[in-house]
Amino acid sequence: VGDYFKDLRISRILSASLKNLIPTMFVLAVFAVLEISVSMLSRGRNLQTVVSDLLTGAVLSLHAISPLLAALLYEFFCMGAWFFGIHGQNLLYVINDGFYADLLVENINGVAQNIINTTFLNTFCLFGGSGCVLALVIAILLRSKNRTTRSVAYCAIIPEIFNMSEVMTFGLPIAFNSYLCVPFIAVPMINCAVAYAATSLHLVPVVNRMINWTTPVLVSGYMATGSVRGLLLQMI
């Protein structure tokens, strides 16, 4: 009898695995065909490169018209990519680690006063990780009674302080979660607009210091601006 039930459990595990195998093979086949098609039509470039170039071109073109709108579009693309499980900043690294980094260097050298730059985005738009998920972690710990959700939040609290949101993005999860999609995308965009307005009105100094993106929240606000007002802006 024991062997019978043991074999029954094994057959159920195999059955579940086989059920997942067919859709997995289908997805792989679809993307393989898509990758080959894109490569043929774009003279050897892969799908990631084509998508990255299109999104990067849109942001850089808009920057010539309005730096704020370009930054909002950049945040929209990045957070939208995260929703699909794709690292948005890596997808658009040419913008943040290239274009916006150059604008920061100009500020450091005293050549220009570019409000939006790499440190500005990391410090005031994405503090607490992509999607500013630190706020969600705090809300869960304060109000949620779901033990599983609270467990994920406890695991995420330290990484979130250092702006690493992967635990919440894939552990809660936020990726492919239509309920959390809107705030995840909207909050960084709102933060960007508020920080841009505060800097334009000279309430906060222009960011002209290069700091690591893992600098803890509040500490980063002070270090990026050299002023307590940067810290207060993050708190707001």
# chains A, B, ... in the order shown; residues from 1 in each chain; ligands from 1
call {"tool": "select_by_dssp", "arguments": {"residues": "stretch 8-232 of chain A", "states": "alpha helix (DSSP H)", "output": "VMD selection string"}}
result
chain A and resid 8 to 41 47 to 63 67 to 83 88 to 91 93 to 94 100 to 108 118 to 120 134 to 143 147 to 161 166 to 171 178 to 200 219 to 225 228 to 232
call {"tool": "residues_around", "arguments": {"residues": "A:Ala58", "least_positions_apart": "4", "cutoff": "9 Å", "atoms": "only C-alpha atoms", "output": "list in words"}}
result
Asp53, Leu54, Leu62, His63, Ala70, Leu73 and Tyr74 of chain A
call {"tool": "write_last_selection", "arguments": {"atoms": "all heavy atoms", "output": "mmCIF file, in the first residue's frame"}}
result
data_model
loop_
_atom_site.group_PDB
_atom_site.id
_atom_site.type_symbol
_atom_site.label_atom_id
_atom_site.label_comp_id
_atom_site.auth_asym_id
_atom_site.auth_seq_id
_atom_site.Cartn_x
_atom_site.Cartn_y
_atom_site.Cartn_z
ATOM 1 N N ASP A 53 16.948 50.487 -28.692
ATOM 2 C CA ASP A 53 17.245 51.615 -29.584
ATOM 3 C C ASP A 53 16.000 52.454 -29.853
ATOM 4 O O ASP A 53 16.065 53.695 -29.900
ATOM 5 C CB ASP A 53 17.824 51.107 -30.902
ATOM 6 C CG ASP A 53 19.239 50.564 -30.755
ATOM 7 O OD1 ASP A 53 19.846 50.804 -29.696
ATOM 8 O OD2 ASP A 53 19.728 49.907 -31.684
ATOM 9 N N LEU A 54 14.856 51.791 -30.021
ATOM 10 C CA LEU A 54 13.610 52.516 -30.281
ATOM 11 C C LEU A 54 13.209 53.371 -29.080
ATOM 12 O O LEU A 54 12.868 54.557 -29.232
ATOM 13 C CB LEU A 54 12.486 51.533 -30.623
ATOM 14 C CG LEU A 54 12.561 50.848 -31.988
ATOM 15 C CD1 LEU A 54 11.473 49.781 -32.119
ATOM 16 C CD2 LEU A 54 12.427 51.868 -33.121
ATOM 17 N N LEU A 62 12.716 63.512 -27.325
ATOM 18 C CA LEU A 62 11.835 64.338 -26.502
ATOM 19 C C LEU A 62 12.631 65.259 -25.585
ATOM 20 O O LEU A 62 12.161 66.361 -25.253
ATOM 21 C CB LEU A 62 10.913 63.437 -25.674
ATOM 22 C CG LEU A 62 9.813 64.132 -24.861
ATOM 23 C CD1 LEU A 62 8.914 64.962 -25.777
ATOM 24 C CD2 LEU A 62 8.989 63.097 -24.107
ATOM 25 N N HIS A 63 13.835 64.850 -25.197
ATOM 26 C CA HIS A 63 14.655 65.681 -24.317
ATOM 27 C C HIS A 63 14.976 67.027 -24.951
ATOM 28 O O HIS A 63 15.076 68.045 -24.254
ATOM 29 C CB HIS A 63 15.959 64.953 -23.967
ATOM 30 C CG HIS A 63 16.835 65.723 -23.029
ATOM 31 N ND1 HIS A 63 16.672 65.693 -21.662
ATOM 32 C CD2 HIS A 63 17.877 66.573 -23.260
ATOM 33 C CE1 HIS A 63 17.572 66.479 -21.094
ATOM 34 N NE2 HIS A 63 18.321 67.016 -22.033
ATOM 35 N N ALA A 70 10.847 64.135 -21.148
ATOM 36 C CA ALA A 70 11.740 63.030 -21.520
ATOM 37 C C ALA A 70 12.025 62.136 -20.312
ATOM 38 O O ALA A 70 12.026 60.910 -20.429
ATOM 39 C CB ALA A 70 13.036 63.577 -22.093
ATOM 40 N N LEU A 73 8.981 60.067 -19.551
ATOM 41 C CA LEU A 73 8.869 58.970 -20.511
ATOM 42 C C LEU A 73 9.876 57.873 -20.190
ATOM 43 O O LEU A 73 9.558 56.671 -20.277
ATOM 44 C CB LEU A 73 9.089 59.490 -21.929
ATOM 45 C CG LEU A 73 8.897 58.465 -23.067
ATOM 46 C CD1 LEU A 73 7.459 57.960 -23.098
ATOM 47 C CD2 LEU A 73 9.282 59.080 -24.411
ATOM 48 N N TYR A 74 11.078 58.272 -19.809
ATOM 49 C CA TYR A 74 12.111 57.306 -19.431
ATOM 50 C C TYR A 74 11.656 56.462 -18.238
ATOM 51 O O TYR A 74 11.789 55.230 -18.237
ATOM 52 C CB TYR A 74 13.406 58.046 -19.095
ATOM 53 C CG TYR A 74 14.445 57.183 -18.422
ATOM 54 C CD1 TYR A 74 15.175 56.244 -19.140
ATOM 55 C CD2 TYR A 74 14.699 57.316 -17.050
ATOM 56 C CE1 TYR A 74 16.128 55.441 -18.506
ATOM 57 C CE2 TYR A 74 15.652 56.535 -16.416
ATOM 58 C CZ TYR A 74 16.360 55.603 -17.153
ATOM 59 O OH TYR A 74 17.284 54.810 -16.522
#
call {"tool": "residues_around", "arguments": {"residues": "A:Asp102", "least_positions_apart": "6", "cutoff": "12 Å", "atoms": "only C-alpha atoms", "output": "JSON, numbers by chain"}}
result
{"A": [94, 95, 96, 108, 109, 111, 112, 113, 114, 116, 117, 118, 119, 208, 210]}
call {"tool": "write_last_selection", "arguments": {"atoms": "all heavy atoms", "output": "compact mmCIF listing (two decimals), in the first residue's frame"}}
result
# COMPACT_ATOMS: atom_id res chain seq x y z
N VAL A 94 21.78 53.00 -21.93
CA VAL A 94 22.40 54.06 -22.73
C VAL A 94 21.95 55.44 -22.24
O VAL A 94 22.72 56.40 -22.26
CB VAL A 94 22.03 53.89 -24.22
CG1 VAL A 94 22.52 55.09 -25.04
CG2 VAL A 94 22.64 52.60 -24.77
N ILE A 95 20.74 55.51 -21.74
CA ILE A 95 20.21 56.80 -21.28
C ILE A 95 20.76 57.15 -19.90
O ILE A 95 21.38 58.19 -19.70
CB ILE A 95 18.67 56.77 -21.24
CG1 ILE A 95 18.11 56.54 -22.64
CG2 ILE A 95 18.14 58.08 -20.66
CD1 ILE A 95 16.61 56.43 -22.68
N ASN A 96 20.54 56.26 -18.92
CA ASN A 96 20.93 56.58 -17.55
C ASN A 96 22.44 56.57 -17.34
O ASN A 96 23.00 57.47 -16.71
CB ASN A 96 20.26 55.60 -16.58
CG ASN A 96 20.31 56.09 -15.14
OD1 ASN A 96 20.03 57.25 -14.87
ND2 ASN A 96 20.66 55.22 -14.23
N ILE A 108 29.03 68.71 -12.50
CA ILE A 108 30.18 68.59 -11.60
C ILE A 108 31.31 69.51 -12.03
O ILE A 108 31.98 70.14 -11.19
CB ILE A 108 30.67 67.12 -11.56
CG1 ILE A 108 29.60 66.23 -10.92
CG2 ILE A 108 31.99 67.01 -10.80
CD1 ILE A 108 29.92 64.75 -10.99
N ASN A 109 31.50 69.64 -13.34
CA ASN A 109 32.55 70.50 -13.88
C ASN A 109 32.15 71.98 -13.91
O ASN A 109 32.96 72.83 -14.30
CB ASN A 109 32.95 70.05 -15.28
CG ASN A 109 33.60 68.68 -15.27
OD1 ASN A 109 34.21 68.29 -14.29
ND2 ASN A 109 33.46 67.94 -16.37
N VAL A 111 29.96 73.34 -15.84
CA VAL A 111 29.68 73.83 -17.20
C VAL A 111 28.22 74.18 -17.37
O VAL A 111 27.87 75.12 -18.08
CB VAL A 111 30.10 72.76 -18.24
CG1 VAL A 111 29.75 73.23 -19.65
CG2 VAL A 111 31.58 72.47 -18.12
N ALA A 112 27.34 73.39 -16.75
CA ALA A 112 25.90 73.59 -16.93
C ALA A 112 25.15 73.29 -15.65
O ALA A 112 25.72 72.79 -14.68
CB ALA A 112 25.40 72.71 -18.07
N GLN A 113 23.88 73.59 -15.65
CA GLN A 113 23.00 73.30 -14.52
C GLN A 113 21.85 72.43 -15.02
O GLN A 113 20.73 72.90 -15.21
CB GLN A 113 22.49 74.59 -13.89
CG GLN A 113 23.56 75.41 -13.19
CD GLN A 113 24.07 74.72 -11.94
OE1 GLN A 113 23.31 74.48 -11.01
NE2 GLN A 113 25.35 74.39 -11.90
N ASN A 114 22.16 71.17 -15.27
CA ASN A 114 21.15 70.24 -15.76
C ASN A 114 20.39 69.65 -14.57
O ASN A 114 20.95 68.88 -13.79
CB ASN A 114 21.82 69.11 -16.56
CG ASN A 114 22.61 69.64 -17.74
OD1 ASN A 114 22.07 70.27 -18.64
ND2 ASN A 114 23.92 69.39 -17.74
N ILE A 116 17.96 67.46 -14.49
CA ILE A 116 17.79 66.01 -14.59
C ILE A 116 19.09 65.37 -15.01
O ILE A 116 19.67 65.72 -16.04
CB ILE A 116 16.67 65.66 -15.58
CG1 ILE A 116 15.34 66.21 -15.06
CG2 ILE A 116 16.58 64.16 -15.78
CD1 ILE A 116 14.18 66.01 -16.01
N ASN A 117 19.56 64.46 -14.20
CA ASN A 117 20.78 63.70 -14.49
C ASN A 117 20.70 62.37 -13.75
O ASN A 117 19.70 62.06 -13.10
CB ASN A 117 22.02 64.50 -14.09
CG ASN A 117 21.96 64.99 -12.66
OD1 ASN A 117 21.94 64.19 -11.73
ND2 ASN A 117 21.91 66.32 -12.47
N THR A 118 21.74 61.58 -13.86
CA THR A 118 21.72 60.24 -13.27
C THR A 118 21.44 60.25 -11.77
O THR A 118 20.56 59.53 -11.27
CB THR A 118 23.06 59.52 -13.53
OG1 THR A 118 23.25 59.38 -14.93
CG2 THR A 118 23.06 58.13 -12.89
N THR A 119 22.18 61.07 -11.03
CA THR A 119 22.00 61.10 -9.58
C THR A 119 20.64 61.64 -9.19
O THR A 119 20.02 61.18 -8.23
CB THR A 119 23.11 61.95 -8.92
OG1 THR A 119 24.39 61.39 -9.25
CG2 THR A 119 22.96 61.98 -7.42
N ASN A 208 24.64 68.05 -8.20
CA ASN A 208 25.92 68.16 -8.90
C ASN A 208 26.99 67.27 -8.28
O ASN A 208 28.17 67.57 -8.31
CB ASN A 208 26.40 69.62 -8.91
CG ASN A 208 26.57 70.18 -7.51
OD1 ASN A 208 26.35 69.48 -6.52
ND2 ASN A 208 26.97 71.43 -7.43
N MET A 210 28.16 63.03 -7.78
CA MET A 210 27.98 61.65 -8.20
C MET A 210 28.03 60.75 -6.97
O MET A 210 29.04 60.67 -6.29
CB MET A 210 29.06 61.24 -9.20
CG MET A 210 28.87 59.85 -9.80
SD MET A 210 30.12 59.46 -11.05
CE MET A 210 29.73 60.67 -12.31
call {"tool": "atom_distance", "arguments": {"atom1": "atom CA of A:Gln234", "atom2": "atom CA of A:Gly129"}}
result
12.9 Å
call {"tool": "closest_residue", "arguments": {"among": "A:Asn146, A:Ser130, A:Gln48, A:Asn163", "to": "A:Ala175", "atoms": "only C-alpha atoms"}}
result
A:Ser130
call {"tool": "closest_residue", "arguments": {"among": "A:Asn107, A:Arg143, A:Pro188, A:Met235", "to": "A:Pro205", "atoms": "only C-alpha atoms"}}
result
A:Asn107
call {"tool": "closest_residue", "arguments": {"among": "A:Pro159, A:Gly221, A:Ala186, A:Val38", "to": "A:Leu72", "atoms": "only C-alpha atoms"}}
result
A:Ala186
call {"tool": "closest_residue", "arguments": {"among": "A:Leu41, A:His202, A:Gly80, A:Leu104", "to": "A:Ser178", "atoms": "only C-alpha atoms"}}
result
A:Gly80
call {"tool": "residues_around", "arguments": {"residues": "A:Asn212", "least_positions_apart": "6", "cutoff": "12 Å", "atoms": "only C-alpha atoms", "output": "PDB file with N, CA, C and O atoms, in the first residue's frame"}}
result
ATOM      1  N   THR A 118      21.744  61.578 -13.857  1.00  0.00           N
ATOM      2  CA  THR A 118      21.715  60.235 -13.269  1.00  0.00           C
ATOM      3  C   THR A 118      21.441  60.254 -11.770  1.00  0.00           C
ATOM      4  O   THR A 118      20.563  59.535 -11.273  1.00  0.00           O
ATOM      5  N   THR A 119      22.178  61.068 -11.032  1.00  0.00           N
ATOM      6  CA  THR A 119      22.005  61.100  -9.578  1.00  0.00           C
ATOM      7  C   THR A 119      20.637  61.636  -9.195  1.00  0.00           C
ATOM      8  O   THR A 119      20.020  61.177  -8.233  1.00  0.00           O
ATOM      9  N   PHE A 120      20.140  62.621  -9.942  1.00  0.00           N
ATOM     10  CA  PHE A 120      18.806  63.160  -9.693  1.00  0.00           C
ATOM     11  C   PHE A 120      17.760  62.059  -9.781  1.00  0.00           C
ATOM     12  O   PHE A 120      16.896  61.927  -8.903  1.00  0.00           O
ATOM     13  N   LEU A 121      17.812  61.256 -10.842  1.00  0.00           N
ATOM     14  CA  LEU A 121      16.832  60.190 -11.034  1.00  0.00           C
ATOM     15  C   LEU A 121      16.930  59.141  -9.933  1.00  0.00           C
ATOM     16  O   LEU A 121      15.918  58.711  -9.385  1.00  0.00           O
ATOM     17  N   ASN A 122      18.153  58.731  -9.611  1.00  0.00           N
ATOM     18  CA  ASN A 122      18.328  57.701  -8.586  1.00  0.00           C
ATOM     19  C   ASN A 122      17.939  58.189  -7.204  1.00  0.00           C
ATOM     20  O   ASN A 122      17.421  57.421  -6.381  1.00  0.00           O
ATOM     21  N   THR A 123      18.174  59.473  -6.948  1.00  0.00           N
ATOM     22  CA  THR A 123      17.977  60.014  -5.599  1.00  0.00           C
ATOM     23  C   THR A 123      16.542  60.438  -5.331  1.00  0.00           C
ATOM     24  O   THR A 123      16.004  60.169  -4.244  1.00  0.00           O
ATOM     25  N   PHE A 127      14.140  56.550  -5.222  1.00  0.00           N
ATOM     26  CA  PHE A 127      14.643  56.217  -3.889  1.00  0.00           C
ATOM     27  C   PHE A 127      13.731  55.148  -3.266  1.00  0.00           C
ATOM     28  O   PHE A 127      12.519  55.180  -3.408  1.00  0.00           O
ATOM     29  N   PHE A 162      18.479  50.268   0.708  1.00  0.00           N
ATOM     30  CA  PHE A 162      19.609  50.482  -0.186  1.00  0.00           C
ATOM     31  C   PHE A 162      19.172  50.461  -1.661  1.00  0.00           C
ATOM     32  O   PHE A 162      19.974  50.223  -2.564  1.00  0.00           O
ATOM     33  N   ASN A 163      17.877  50.694  -1.879  1.00  0.00           N
ATOM     34  CA  ASN A 163      17.317  50.897  -3.228  1.00  0.00           C
ATOM     35  C   ASN A 163      17.351  49.652  -4.114  1.00  0.00           C
ATOM     36  O   ASN A 163      17.451  49.764  -5.341  1.00  0.00           O
ATOM     37  N   VAL A 219      20.031  59.643   3.366  1.00  0.00           N
ATOM     38  CA  VAL A 219      21.463  59.949   3.252  1.00  0.00           C
ATOM     39  C   VAL A 219      21.760  60.411   1.833  1.00  0.00           C
ATOM     40  O   VAL A 219      22.508  61.373   1.617  1.00  0.00           O
ATOM     41  N   SER A 220      21.155  59.735   0.853  1.00  0.00           N
ATOM     42  CA  SER A 220      21.382  60.093  -0.554  1.00  0.00           C
ATOM     43  C   SER A 220      20.858  61.483  -0.870  1.00  0.00           C
ATOM     44  O   SER A 220      21.468  62.226  -1.643  1.00  0.00           O
ATOM     45  N   GLY A 221      19.719  61.858  -0.280  1.00  0.00           N
ATOM     46  CA  GLY A 221      19.157  63.188  -0.523  1.00  0.00           C
ATOM     47  C   GLY A 221      20.088  64.290  -0.074  1.00  0.00           C
ATOM     48  O   GLY A 221      20.236  65.314  -0.761  1.00  0.00           O
ATOM     49  N   MET A 223      23.495  63.900   0.444  1.00  0.00           N
ATOM     50  CA  MET A 223      24.769  63.818  -0.267  1.00  0.00           C
ATOM     51  C   MET A 223      24.656  64.335  -1.704  1.00  0.00           C
ATOM     52  O   MET A 223      25.581  64.961  -2.215  1.00  0.00           O
ATOM     53  N   ALA A 224      23.525  64.095  -2.349  1.00  0.00           N
ATOM     54  CA  ALA A 224      23.368  64.494  -3.748  1.00  0.00           C
ATOM     55  C   ALA A 224      23.308  66.002  -3.919  1.00  0.00           C
ATOM     56  O   ALA A 224      23.782  66.544  -4.919  1.00  0.00           O
TER      57      ALA A 224
END
call {"tool": "closest_residue", "arguments": {"among": "A:Arg147, A:Cys125, A:Ala32, A:Phe170", "to": "A:Ala71", "atoms": "only C-alpha atoms"}}
result
A:Cys125
call {"tool": "closest_residue", "arguments": {"among": "A:Arg229, A:Asn191, A:Leu201, A:Ile185", "to": "A:Phe84", "atoms": "only C-alpha atoms"}}
result
A:Ile185
call {"tool": "atom_distance", "arguments": {"atom1": "atom CA of A:Gly128", "atom2": "atom CA of A:Met164"}}
result
7.2 Å
